[in-house]
$ cat work-v5.pdb   # PDB, C-alpha atoms
ATOM      1  CA  MET A   1      27.128  -6.518  -7.525
ATOM      2  CA  ARG A   2      27.290  -5.968  -3.778
ATOM      3  CA  ALA A   3      25.193  -7.934  -1.325
ATOM      4  CA  LEU A   4      24.930  -8.726   2.376
ATOM      5  CA  VAL A   5      26.408 -12.170   2.866
ATOM      6  CA  VAL A   6      26.617 -14.398   5.918
ATOM      7  CA  ASP A   7      29.985 -14.110   7.671
ATOM      8  CA  HIS A   8      30.142 -15.764  11.089
ATOM      9  CA  SER A   9      33.247 -13.806  12.085
ATOM     10  CA  THR A  10      31.510 -10.415  12.046
ATOM     11  CA  PRO A  11      28.991  -8.752  14.403
ATOM     12  CA  GLY A  12      25.488  -9.789  13.439
ATOM     13  CA  ARG A  13      27.067 -12.451  11.162
ATOM     14  CA  LEU A  14      26.593 -10.185   8.125
ATOM     15  CA  THR A  15      29.061  -8.349   5.906
ATOM     16  CA  LEU A  16      29.038  -6.646   2.515
ATOM     17  CA  GLY A  17      30.563  -8.710  -0.286
ATOM     18  CA  ASP A  18      30.597  -9.110  -4.066
ATOM     19  CA  ILE A  19      28.452 -11.732  -5.807
ATOM     20  CA  ALA A  20      27.283 -12.420  -9.356
ATOM     21  CA  ASP A  21      24.224 -10.577 -10.657
ATOM     22  CA  PRO A  22      21.031 -12.685 -10.689
ATOM     23  CA  VAL A  23      19.798 -14.061 -14.013
ATOM     24  CA  PRO A  24      16.000 -13.684 -14.253
ATOM     25  CA  GLY A  25      13.877 -16.553 -15.475
ATOM     26  CA  PRO A  26      11.119 -16.014 -18.066
ATOM     27  CA  ASP A  27       8.553 -15.242 -15.342
ATOM     28  CA  GLU A  28      10.848 -12.943 -13.364
ATOM     29  CA  VAL A  29      11.633  -9.228 -13.404
ATOM     30  CA  LEU A  30      14.998  -7.774 -12.445
ATOM     31  CA  VAL A  31      14.682  -5.198  -9.678
ATOM     32  CA  LYS A  32      17.261  -2.644  -8.553
ATOM     33  CA  ILE A  33      16.834  -2.725  -4.771
ATOM     34  CA  THR A  34      16.622   0.487  -2.745
ATOM     35  CA  ALA A  35      15.510  -0.708   0.717
ATOM     36  CA  VAL A  36      15.183  -4.012   2.583
ATOM     37  CA  SER A  37      13.833  -5.008   5.958
ATOM     38  CA  LEU A  38      15.168  -7.455   8.520
ATOM     39  CA  ASN A  39      13.021 -10.185  10.057
ATOM     40  CA  TYR A  40      14.040 -12.076  13.177
ATOM     41  CA  GLY A  41      13.429 -15.446  11.533
ATOM     42  CA  GLU A  42      15.826 -14.885   8.624
ATOM     43  CA  LEU A  43      18.826 -13.577  10.576
ATOM     44  CA  PRO A  44      21.868 -15.897  10.671
ATOM     45  CA  LYS A  45      21.819 -16.556  14.408
ATOM     46  CA  SER A  46      23.918 -19.736  14.382
ATOM     47  CA  ASP A  47      26.789 -21.426  12.550
ATOM     48  CA  ASP A  48      24.242 -23.675  10.799
ATOM     49  CA  VAL A  49      23.736 -21.031   8.076
ATOM     50  CA  ALA A  50      26.317 -21.451   5.312
ATOM     51  CA  GLU A  51      28.852 -18.660   4.917
ATOM     52  CA  GLY A  52      28.398 -16.625   1.752
ATOM     53  CA  THR A  53      24.616 -17.103   1.759
ATOM     54  CA  VAL A  54      22.612 -14.014   0.762
ATOM     55  CA  PRO A  55      19.504 -13.813   2.969
ATOM     56  CA  GLY A  56      16.597 -11.479   2.409
ATOM     57  CA  TRP A  57      12.829 -11.955   2.283
ATOM     58  CA  ASP A  58      11.657  -8.345   1.935
ATOM     59  CA  ALA A  59      12.928  -5.792  -0.581
ATOM     60  CA  ALA A  60      11.630  -2.765  -2.486
ATOM     61  CA  GLY A  61      13.038  -1.008  -5.523
ATOM     62  CA  VAL A  62      12.642  -0.193  -9.230
ATOM     63  CA  VAL A  63      12.153  -2.654 -12.086
ATOM     64  CA  GLU A  64      15.182  -2.606 -14.396
ATOM     65  CA  ARG A  65      14.119  -5.386 -16.761
ATOM     66  CA  ALA A  66      10.624  -6.693 -17.461
ATOM     67  CA  ALA A  67       9.792 -10.401 -17.504
ATOM     68  CA  ALA A  68      10.583 -12.087 -20.829
ATOM     69  CA  ASN A  69       7.055 -13.511 -21.034
ATOM     70  CA  GLY A  70       5.523 -10.011 -21.016
ATOM     71  CA  ARG A  71       3.742 -10.394 -17.676
ATOM     72  CA  GLY A  72       4.082  -8.108 -14.691
ATOM     73  CA  PRO A  73       5.402  -4.578 -14.212
ATOM     74  CA  LYS A  74       7.452  -2.627 -16.733
ATOM     75  CA  PRO A  75      10.886  -0.994 -16.366
ATOM     76  CA  GLY A  76      10.725   2.056 -14.118
ATOM     77  CA  ASP A  77       7.846   0.742 -12.006
ATOM     78  CA  ARG A  78       8.365   0.984  -8.260
ATOM     79  CA  VAL A  79       7.676  -2.367  -6.568
ATOM     80  CA  VAL A  80       7.769  -4.229  -3.275
ATOM     81  CA  THR A  81       8.916  -7.851  -3.458
ATOM     82  CA  TRP A  82       8.907 -11.072  -1.474
ATOM     83  CA  GLY A  83      11.096 -14.176  -1.761
ATOM     84  CA  TRP A  84      12.795 -16.807   0.391
ATOM     85  CA  ASP A  85      16.308 -15.447  -0.157
ATOM     86  CA  GLY A  86      18.482 -13.070  -2.155
ATOM     87  CA  GLY A  87      16.736  -9.845  -1.188
ATOM     88  CA  TRP A  88      19.671  -8.199   0.570
ATOM     89  CA  ALA A  89      21.504  -7.305  -2.616
ATOM     90  CA  GLU A  90      21.736  -4.510  -5.176
ATOM     91  CA  ARG A  91      19.587  -6.507  -7.606
ATOM     92  CA  ARG A  92      16.991  -9.221  -7.245
ATOM     93  CA  ALA A  93      15.211 -11.478  -9.718
ATOM     94  CA  VAL A  94      11.581 -11.757  -8.624
ATOM     95  CA  HIS A  95       8.686 -13.840  -9.956
ATOM     96  CA  VAL A  96       5.878 -11.603 -11.194
ATOM     97  CA  ASP A  97       3.453 -13.257  -8.753
ATOM     98  CA  GLU A  98       5.566 -12.222  -5.752
ATOM     99  CA  LEU A  99       5.451  -8.434  -5.983
ATOM    100  CA  ALA A 100       3.165  -5.416  -6.065
ATOM    101  CA  VAL A 101       3.503  -2.049  -7.779
ATOM    102  CA  LEU A 102       3.781   0.858  -5.335
ATOM    103  CA  PRO A 103       1.631   3.982  -5.491
ATOM    104  CA  ASP A 104       3.508   7.294  -5.255
ATOM    105  CA  ALA A 105       2.284   7.782  -1.676
ATOM    106  CA  VAL A 106       4.319   4.789  -0.388
ATOM    107  CA  ASP A 107       8.091   5.243  -0.131
ATOM    108  CA  PHE A 108      10.649   2.445  -0.351
ATOM    109  CA  PRO A 109      11.515   2.076   3.380
ATOM    110  CA  THR A 110       7.816   1.913   4.279
ATOM    111  CA  ALA A 111       7.188  -0.665   1.561
ATOM    112  CA  ALA A 112      10.239  -2.776   2.420
ATOM    113  CA  ALA A 113       8.914  -3.288   5.945
ATOM    114  CA  LEU A 114       5.679  -4.765   4.644
ATOM    115  CA  PRO A 115       5.991  -8.224   3.032
ATOM    116  CA  VAL A 116       6.749 -10.979   5.539
ATOM    117  CA  ALA A 117       5.385  -9.272   8.655
ATOM    118  CA  GLY A 118       2.308  -7.872   6.940
ATOM    119  CA  LEU A 119       1.544 -11.042   5.003
ATOM    120  CA  THR A 120       1.972 -13.187   8.110
ATOM    121  CA  ALA A 121      -0.447 -11.030  10.113
ATOM    122  CA  LEU A 122      -2.978 -10.858   7.280
ATOM    123  CA  ARG A 123      -2.924 -14.578   6.523
ATOM    124  CA  ALA A 124      -3.018 -15.531  10.208
ATOM    125  CA  LEU A 125      -6.175 -13.484  10.755
ATOM    126  CA  ARG A 126      -7.677 -14.905   7.576
ATOM    127  CA  THR A 127      -6.873 -18.454   8.700
ATOM    128  CA  ALA A 128      -8.564 -17.761  12.022
ATOM    129  CA  GLY A 129     -11.621 -16.349  10.251
ATOM    130  CA  VAL A 130     -11.783 -13.349  12.575
ATOM    131  CA  LEU A 131     -15.209 -11.692  12.647
ATOM    132  CA  PRO A 132     -16.365  -8.280  13.919
ATOM    133  CA  GLY A 133     -16.867  -8.315  17.670
ATOM    134  CA  GLN A 134     -14.553 -11.252  18.351
ATOM    135  CA  ARG A 135     -11.786 -10.927  20.923
ATOM    136  CA  VAL A 136      -8.285 -11.442  19.532
ATOM    137  CA  ALA A 137      -5.140 -11.759  21.660
ATOM    138  CA  ILE A 138      -1.786 -11.091  19.982
ATOM    139  CA  THR A 139       1.479 -12.084  21.648
ATOM    140  CA  GLY A 140       4.690 -10.284  20.768
ATOM    141  CA  ALA A 141       2.462  -7.375  19.807
ATOM    142  CA  SER A 142       5.310  -4.850  19.833
ATOM    143  CA  GLY A 143       7.215  -6.670  17.064
ATOM    144  CA  GLY A 144       6.896  -6.365  13.311
ATOM    145  CA  VAL A 145       4.220  -9.038  12.846
ATOM    146  CA  GLY A 146       2.474  -8.022  16.049
ATOM    147  CA  ARG A 147       2.042  -4.387  15.067
ATOM    148  CA  PHE A 148       0.553  -5.323  11.716
ATOM    149  CA  ALA A 149      -1.696  -7.879  13.418
ATOM    150  CA  VAL A 150      -2.988  -5.299  15.914
ATOM    151  CA  GLN A 151      -3.928  -2.940  13.079
ATOM    152  CA  LEU A 152      -5.476  -5.564  10.810
ATOM    153  CA  ALA A 153      -7.465  -7.152  13.647
ATOM    154  CA  HIS A 154      -8.773  -3.693  14.551
ATOM    155  CA  LEU A 155      -9.729  -3.057  10.907
ATOM    156  CA  ALA A 156     -11.603  -6.380  10.961
ATOM    157  CA  GLY A 157     -13.706  -5.104  13.870
ATOM    158  CA  ALA A 158     -12.153  -7.266  16.589
ATOM    159  CA  GLU A 159     -11.538  -6.326  20.208
ATOM    160  CA  VAL A 160      -7.738  -6.466  20.381
ATOM    161  CA  TYR A 161      -5.687  -7.663  23.363
ATOM    162  CA  ALA A 162      -2.012  -6.809  22.760
ATOM    163  CA  LEU A 163       0.401  -8.795  24.949
ATOM    164  CA  VAL A 164       3.901  -7.357  25.366
ATOM    165  CA  GLY A 165       6.974  -7.990  27.506
ATOM    166  CA  SER A 166       6.744  -4.648  29.332
ATOM    167  CA  GLN A 167       4.609  -1.534  29.437
ATOM    168  CA  ALA A 168       7.422   0.342  27.709
ATOM    169  CA  ARG A 169       7.256  -2.025  24.737
ATOM    170  CA  GLY A 170       3.511  -1.496  24.580
ATOM    171  CA  GLN A 171       3.772   2.227  23.915
ATOM    172  CA  GLY A 172       1.947   3.274  20.773
ATOM    173  CA  LEU A 173      -0.108   0.087  20.404
ATOM    174  CA  ALA A 174      -3.342   1.720  21.576
ATOM    175  CA  ALA A 175      -2.973   4.274  18.767
ATOM    176  CA  LEU A 176      -2.656   1.390  16.299
ATOM    177  CA  GLY A 177      -5.931  -0.149  17.456
ATOM    178  CA  ALA A 178      -5.218  -2.191  20.590
ATOM    179  CA  ASP A 179      -8.139  -2.037  23.034
ATOM    180  CA  HIS A 180      -6.068  -3.577  25.839
ATOM    181  CA  VAL A 181      -2.270  -3.524  26.245
ATOM    182  CA  LEU A 182      -1.263  -6.209  28.746
ATOM    183  CA  THR A 183       1.922  -7.762  30.095
ATOM    184  CA  SER A 184       0.354 -11.004  31.369
ATOM    185  CA  PRO A 185      -2.445 -13.371  30.304
ATOM    186  CA  ALA A 186      -3.697 -13.117  33.889
ATOM    187  CA  ASP A 187      -4.876  -9.599  33.041
ATOM    188  CA  ILE A 188      -7.289 -10.844  30.350
ATOM    189  CA  ASP A 189     -10.725 -10.147  31.840
ATOM    190  CA  THR A 190     -12.836 -12.180  29.385
ATOM    191  CA  PRO A 191     -11.882 -15.326  27.420
ATOM    192  CA  VAL A 192     -10.672 -14.512  23.913
ATOM    193  CA  ASP A 193     -11.841 -16.171  20.707
ATOM    194  CA  VAL A 194      -8.533 -16.146  18.835
ATOM    195  CA  VAL A 195      -4.863 -16.067  19.784
ATOM    196  CA  LEU A 196      -2.180 -15.049  17.286
ATOM    197  CA  ASP A 197       1.000 -16.332  18.895
ATOM    198  CA  ASN A 198       4.474 -15.111  17.980
ATOM    199  CA  VAL A 199       6.175 -16.144  21.230
ATOM    200  CA  GLY A 200       5.360 -19.723  22.252
ATOM    201  CA  GLY A 201       6.792 -21.118  25.488
ATOM    202  CA  SER A 202       5.158 -20.636  28.858
ATOM    203  CA  LEU A 203       3.219 -17.609  27.607
ATOM    204  CA  LEU A 204       1.291 -19.697  25.089
ATOM    205  CA  ALA A 205       0.702 -22.447  27.645
ATOM    206  CA  GLU A 206      -0.804 -19.916  30.061
ATOM    207  CA  LEU A 207      -2.920 -18.325  27.337
ATOM    208  CA  LEU A 208      -4.678 -21.622  26.627
ATOM    209  CA  GLY A 209      -6.527 -21.147  29.886
ATOM    210  CA  HIS A 210      -7.933 -17.821  28.679
ATOM    211  CA  ILE A 211      -9.517 -18.946  25.396
ATOM    212  CA  ALA A 212     -13.256 -19.325  24.911
ATOM    213  CA  PRO A 213     -14.780 -22.668  23.850
ATOM    214  CA  ASP A 214     -14.169 -23.488  20.168
ATOM    215  CA  GLY A 215     -11.430 -20.858  20.080
ATOM    216  CA  LYS A 216      -8.443 -20.910  17.745
ATOM    217  CA  VAL A 217      -4.712 -20.510  18.253
ATOM    218  CA  ILE A 218      -2.688 -19.503  15.191
ATOM    219  CA  SER A 219       0.961 -20.289  15.831
ATOM    220  CA  ILE A 220       3.224 -17.948  13.840
ATOM    221  CA  GLY A 221       6.537 -18.344  15.649
ATOM    222  CA  ALA A 222       8.267 -19.080  18.932
ATOM    223  CA  THR A 223      10.642 -16.213  19.583
ATOM    224  CA  SER A 224      10.892 -17.091  23.289
ATOM    225  CA  GLY A 225      12.962 -20.121  22.372
ATOM    226  CA  GLU A 226      11.310 -21.960  25.283
ATOM    227  CA  PRO A 227       9.562 -25.337  25.223
ATOM    228  CA  THR A 228       5.786 -24.975  25.277
ATOM    229  CA  PRO A 229       4.364 -27.203  28.042
ATOM    230  CA  ILE A 230       0.894 -27.943  26.642
ATOM    231  CA  GLU A 231      -1.311 -30.463  28.414
ATOM    232  CA  PRO A 232      -3.524 -32.187  25.812
ATOM    233  CA  TYR A 233      -6.670 -31.592  27.848
ATOM    234  CA  GLN A 234      -6.040 -27.848  27.652
ATOM    235  CA  LEU A 235      -7.093 -28.253  24.037
ATOM    236  CA  VAL A 236      -9.716 -30.957  24.555
ATOM    237  CA  ILE A 237     -11.836 -29.411  27.300
ATOM    238  CA  ASN A 238     -12.707 -26.271  25.329
ATOM    239  CA  ARG A 239     -12.378 -27.862  21.869
ATOM    240  CA  LEU A 240      -9.536 -25.538  20.884
ATOM    241  CA  THR A 241      -7.957 -25.610  17.445
ATOM    242  CA  LEU A 242      -4.189 -25.125  17.146
ATOM    243  CA  ILE A 243      -2.956 -24.173  13.654
ATOM    244  CA  GLY A 244       0.590 -23.429  12.545
ATOM    245  CA  ILE A 245       1.141 -21.199   9.522
ATOM    246  CA  GLN A 246       4.046 -19.897   7.480
ATOM    247  CA  ALA A 247       3.154 -17.032   5.156
ATOM    248  CA  GLY A 248       4.730 -17.028   1.725
ATOM    249  CA  GLY A 249       4.050 -17.876  -1.895
ATOM    250  CA  ASN A 250       1.585 -16.339  -4.365
ATOM    251  CA  THR A 251       1.867 -13.089  -2.447
ATOM    252  CA  GLY A 252       1.148 -10.560  -5.194
ATOM    253  CA  ALA A 253      -2.569 -10.031  -4.550
ATOM    254  CA  ASP A 254      -2.133  -9.792  -0.781
ATOM    255  CA  LEU A 255       0.837  -7.436  -1.149
ATOM    256  CA  GLY A 256      -1.281  -5.271  -3.419
ATOM    257  CA  TYR A 257      -4.056  -5.151  -0.804
ATOM    258  CA  LEU A 258      -1.640  -4.207   1.995
ATOM    259  CA  VAL A 259       0.018  -1.557  -0.155
ATOM    260  CA  ARG A 260      -3.384   0.026  -0.814
ATOM    261  CA  LEU A 261      -4.048   0.167   2.925
ATOM    262  CA  LEU A 262      -0.687   1.913   3.395
ATOM    263  CA  ALA A 263      -1.456   4.418   0.643
ATOM    264  CA  GLU A 264      -4.878   5.153   2.157
ATOM    265  CA  GLY A 265      -3.374   5.743   5.612
ATOM    266  CA  ARG A 266      -5.304   2.812   7.106
ATOM    267  CA  LEU A 267      -2.132   0.835   7.882
ATOM    268  CA  GLN A 268       1.279   1.817   9.216
ATOM    269  CA  SER A 269       4.534  -0.056   8.659
ATOM    270  CA  SER A 270       5.745   0.888  12.169
ATOM    271  CA  VAL A 271       9.344   1.312  11.047
ATOM    272  CA  ASP A 272      11.403   1.842  14.200
ATOM    273  CA  ARG A 273      14.891   2.067  12.707
ATOM    274  CA  VAL A 274      16.289   2.992   9.278
ATOM    275  CA  ALA A 275      20.018   2.610   8.655
ATOM    276  CA  ASP A 276      22.420   2.312   5.751
ATOM    277  CA  TRP A 277      23.210  -1.296   4.907
ATOM    278  CA  GLU A 278      26.797  -0.635   5.969
ATOM    279  CA  LYS A 279      25.323  -0.959   9.478
ATOM    280  CA  ALA A 280      23.613  -4.288   8.830
ATOM    281  CA  GLY A 281      25.514  -6.183  11.531
ATOM    282  CA  GLU A 282      24.762  -3.582  14.170
ATOM    283  CA  THR A 283      21.089  -3.459  13.187
ATOM    284  CA  ALA A 284      20.766  -7.259  13.129
ATOM    285  CA  THR A 285      22.282  -7.474  16.617
ATOM    286  CA  ALA A 286      19.832  -4.873  17.924
ATOM    287  CA  LEU A 287      16.916  -6.827  16.452
ATOM    288  CA  VAL A 288      18.053 -10.101  18.030
ATOM    289  CA  ASN A 289      18.497  -8.314  21.372
ATOM    290  CA  ARG A 290      14.905  -6.960  21.238
ATOM    291  CA  GLU A 291      16.090  -3.355  21.102
ATOM    292  CA  ILE A 292      13.819  -2.554  18.155
ATOM    293  CA  ARG A 293      10.055  -2.080  18.350
ATOM    294  CA  GLY A 294       8.425  -2.820  15.044
ATOM    295  CA  LYS A 295      10.515  -3.024  11.885
ATOM    296  CA  ALA A 296      14.186  -2.420  11.050
ATOM    297  CA  VAL A 297      14.965  -1.218   7.521
ATOM    298  CA  LEU A 298      18.260  -0.904   5.636
ATOM    299  CA  THR A 299      18.739   1.451   2.689
ATOM    300  CA  ILE A 300      21.021   0.438  -0.193
ATOM    301  CA  GLY A 301      23.387   2.690  -2.084
TER
END
$ encode --input "work-v5.pdb" --output "structure tokens"
Amino acid sequence: MRALVVDHSTPGRLTLGDIADPVPGPDEVLVKITAVSLNYGELPKSDDVAEGTVPGWDAAGVVERAAANGRGPKPGDRVVTWGWDGGWAERRAVHVDELAVLPDAVDFPTAAALPVAGLTALRALRTAGVLPGQRVAITGASGGVGRFAVQLAHLAGAEVYALVGSQARGQGLAALGADHVLTSPADIDTPVDVVLDNVGGSLLAELLGHIAPDGKVISIGATSGEPTPIEPYQLVINRLTLIGIQAGGNTGADLGYLVRLLAEGRLQSSVDRVADWEKAGETATALVNREIRGKAVLTIG
């Protein structure tokens, strides 16, 4: 079968190649993939990633073969899947606990954009224990995780502060539920209760001075690539809690919940670009260069 494999000699370090079909285990279904999404954290941005590797966390498609143990969806069911690798291929073997069946109202590109970004936002807010009326600041709010986080925080009844790199990148966030779209922590008028941080670096360090006593910081990523100069007493004085999370594993129930929100029109995938997987390198380069707001999706076949 064909798959996107790591090739450091090509733009975006990705090229189409031929690999062996996956062999499902007894708890796995075989899925014919129709659409995948790209996440910044999985792109092969350095020579450290082995050539020939097949990346891919998020993928949606149709079940070709049911699990041998009888669990999970049946052949012909439309599903969205999560896994640590192997998603960017024509077929994927997926554990039955790492997928959700799609309702007819949700198409494959919309579904493919959901897993990692949506799960990360959902589980970060759950970890923080966000309550109605709390103030939640989200850095990198124009990205894939950020846009889901803005919507889910709004659905939870929070007052949402969306922090972005420029006003242009903040376009559309108010419609998703952001009460304030800001380009600097200095513009935060009242201390926030929770920070969901995708950026790290100096932005996170500055934000620590704008968090209410007993507030929480959920660290999701550090896309700035900068060191984060935290003074210990920034945490001590206001009794702040700093928690790092990585969403993944036992995702089926949460994927099912997010898919229902999509079907009901209460959540948007915020897909900014859809391209054929022949253009994977070009799309990956655009994502790394911050030219994409929200999610980038590739269609297969």
$ resolve_selection --input "work-v5.pdb" --expression "the PyMOL selection byres ((chain A and resi 60) around 7)" --output "ChimeraX atom specification"
/A:33-36,59,61,79-81,108,111-112
$ residues_around --input "work-v5.pdb" --residues "A:Val274" --least-positions-apart "6" --cutoff "10 Å" --atoms "all atoms listed in the file" --output "number ranges by chain"
A: 35-37, 109-110, 283, 295-299
$ resolve_selection --input "work-v5.pdb" --expression "the PyMOL selection byres ((chain A and resi 6) around 9)" --output "mmCIF file with C-alpha atoms, in the coordinates of the input"
data_model
loop_
_atom_site.group_PDB
_atom_site.id
_atom_site.type_symbol
_atom_site.label_atom_id
_atom_site.label_comp_id
_atom_site.auth_asym_id
_atom_site.auth_seq_id
_atom_site.Cartn_x
_atom_site.Cartn_y
_atom_site.Cartn_z
ATOM 1 C CA LEU A 4 24.930 -8.726 2.376
ATOM 2 C CA VAL A 5 26.408 -12.170 2.866
ATOM 3 C CA ASP A 7 29.985 -14.110 7.671
ATOM 4 C CA HIS A 8 30.142 -15.764 11.089
ATOM 5 C CA THR A 10 31.510 -10.415 12.046
ATOM 6 C CA GLY A 12 25.488 -9.789 13.439
ATOM 7 C CA ARG A 13 27.067 -12.451 11.162
ATOM 8 C CA LEU A 14 26.593 -10.185 8.125
ATOM 9 C CA THR A 15 29.061 -8.349 5.906
ATOM 10 C CA LEU A 16 29.038 -6.646 2.515
ATOM 11 C CA PRO A 44 21.868 -15.897 10.671
ATOM 12 C CA VAL A 49 23.736 -21.031 8.076
ATOM 13 C CA ALA A 50 26.317 -21.451 5.312
ATOM 14 C CA GLU A 51 28.852 -18.660 4.917
ATOM 15 C CA GLY A 52 28.398 -16.625 1.752
ATOM 16 C CA THR A 53 24.616 -17.103 1.759
ATOM 17 C CA VAL A 54 22.612 -14.014 0.762
ATOM 18 C CA PRO A 55 19.504 -13.813 2.969
#
$ residues_near_point --input "work-v5.pdb" --point "(6.0, -25.0, 9.8)" --cutoff "9 Å" --atoms "only C-alpha atoms" --output "PyMOL selection string"
chain A and resi 220-221+244-246
$ resolve_selection --input "work-v5.pdb" --expression "the PyMOL selection byres ((chain A and resi 165) around 10)" --output "PyMOL selection string"
chain A and resi 139-142+163-164+166-170+182-184
$ atom_distance --input "work-v5.pdb" --atom1 "atom CA of A:Gly146" --atom2 "atom CA of A:His95"
27.4 Å
$ closest_residue --input "work-v5.pdb" --among "A:Ala3, A:Leu152, A:Val194, A:Leu43" --to "A:Leu258" --atoms "all atoms listed in the file"
A:Leu152
$ closest_residue --input "work-v5.pdb" --among "A:Gly144, A:Gly17, A:Gly70, A:Gly265" --to "A:Leu287" --atoms "only C-alpha atoms"
A:Gly144
$ closest_residue --input "work-v5.pdb" --among "A:Arg266, A:Arg239, A:Arg71, A:Lys279" --to "A:Leu176" --atoms "only C-alpha atoms"
A:Arg266
$ atom_distance --input "work-v5.pdb" --atom1 "atom CA of A:Ile218" --atom2 "atom CA of A:Arg273"
27.9 Å
$ closest_residue --input "work-v5.pdb" --among "A:Ala174, A:Ala20, A:Ala186, A:Leu255" --to "A:Val96" --atoms "all atoms listed in the file"
A:Leu255
$ axis_aligned_box --input "work-v5.pdb" --around "stretch 122-126 of chain A" --padding-each-side "6 Å" --output "lines of an AutoDock Vina configuration file"
center_x = -5.3
center_y = -13.2
center_z = 8.6
size_x = 16.8
size_y = 16.7
size_z = 16.2
$ closest_residue --input "work-v5.pdb" --among "A:Leu114, A:Glu226, A:Val145, A:Gly201" --to "A:Arg260" --atoms "all atoms listed in the file"
A:Leu114
$ atom_distance --input "work-v5.pdb" --atom1 "atom CA of A:Val236" --atom2 "atom CA of A:Ala178"
29.4 Å
$ residues_around --input "work-v5.pdb" --residues "A:Thr228" --least-positions-apart "5" --cutoff "7 Å" --atoms "all atoms listed in the file" --output "ChimeraX atom specification"
/A:200-202,204-205
$ closest_residue --input "work-v5.pdb" --among "A:Arg78, A:Ile211, A:Ser224, A:Gly118" --to "A:Ile237" --atoms "only C-alpha atoms"
A:Ile211
$ residues_around --input "work-v5.pdb" --residues "A:Lys216" --least-positions-apart "4" --cutoff "12 Å" --atoms "all atoms listed in the file" --output "ChimeraX atom specification"
/A:124-130,134-137,191-197,207-208,210-212,235,238-244
